[in-house]
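The structure appears right after this line, and notes come after that.
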Amino acid sequence: MGIEIDRIEKVGEKWKSAGSDFHKPDTEFHFIDFFAHARSTDVKPNNEILKYGWFSVEEALKLPLLDTTRAFVEQWKERLSAV
């Protein structure tokens, strides 16, 4: 994506089955979650990125997120409220 990050912190790791609506339902995904600080916001998309955007936590929670992504954003929201 070409952005510069620092203050990288691993915060979680999960395995999740793809489910019956995925084109390969027997696929398993391994998610490794990190919090990081973006030092730049100029994204340089590659052929895997169709769309991107920068969102506040509240805006992100209004998006149609996967359950694993929603849990990660909720974890970030809790972290922000503790500061």
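Ligands are numbered from 1 in the order shown, residues from 1 within each chain, and chains are lettered A, B, ... in the order they appear in the structure tokens.
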List every residue of chain A that DSSP, applied to the backbone, labels as alpha helix (DSSP H), and write the result as a list in words.
Val57, Glu58, Glu59, Ala60, Leu61, Asp67, Thr68, Thr69, Arg70, Ala71, Phe72, Val73, Glu74, Gln75, Trp76, Lys77, Glu78, Arg79, Leu80, Ser81 and Ala82 of chain A
May I have the residues within 12 Å of Lys10 in chain A as a PyMOL selection string, using only C-alpha atoms and disregarding those fewer than 5 positions away in the same chain?
chain A and resi 31-36+72
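The shortest atom-to-atom distance to Trp15 in chain A, with only C-alpha atoms taken into account, belongs to A:His30 out of A:His30, A:Thr69, A:Ile49, A:Met1.
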Could you tell me how far CA of Arg39 in chain A sits from CA of Asp6 in chain A, in Å to one decimal place?
7.0 Å
Nearby residues (only C-alpha atoms) at most 12 Å from Pro45 in chain A, same-chain spacing under 5 positions excluded, as number ranges by chain
A: 1-3, 50-53
Residue neighbourhood Gly19 in chain A, 12 Å, only C-alpha atoms, exclusion window fewer than 4 positions, as an MDAnalysis selection string
chainID A and resid 23:29 66
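Remark: for Trp76 in chain A, the closest of the candidate residues A:Ile5, A:Phe22, A:Leu63, A:Val11 is A:Val11 (distances computed over only C-alpha atoms).
Looking only at chain A, the set that DSSP places in strand (DSSP E) from backbone geometry is Ile5, Asp6, Arg7, Ile8, Glu9, Lys10, Val11, Gly12, Glu13, Lys14, Trp15, Lys16, Ser17, Glu28, Phe29, His30, Phe31, Ile32, Asp33, Phe34, Phe35, Ala36, His37 and Ala38 of chain A.
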Contacts of Lys77 in chain A at 10 Å or less, counting only C-alpha atoms, minus same-chain residues fewer than 5 places along, as number ranges by chain?
A: 56-58, 61, 71-72, 82
When distances are computed from only C-alpha atoms, which of A:Pro64, A:Glu74, A:Glu4, A:Lys14 shows the smallest separation from Lys44 in chain A?
A:Glu4
One number please: CA of Val73 in chain A to CA of Ser40 in chain A, in Å, one decimal.
20.2 Å
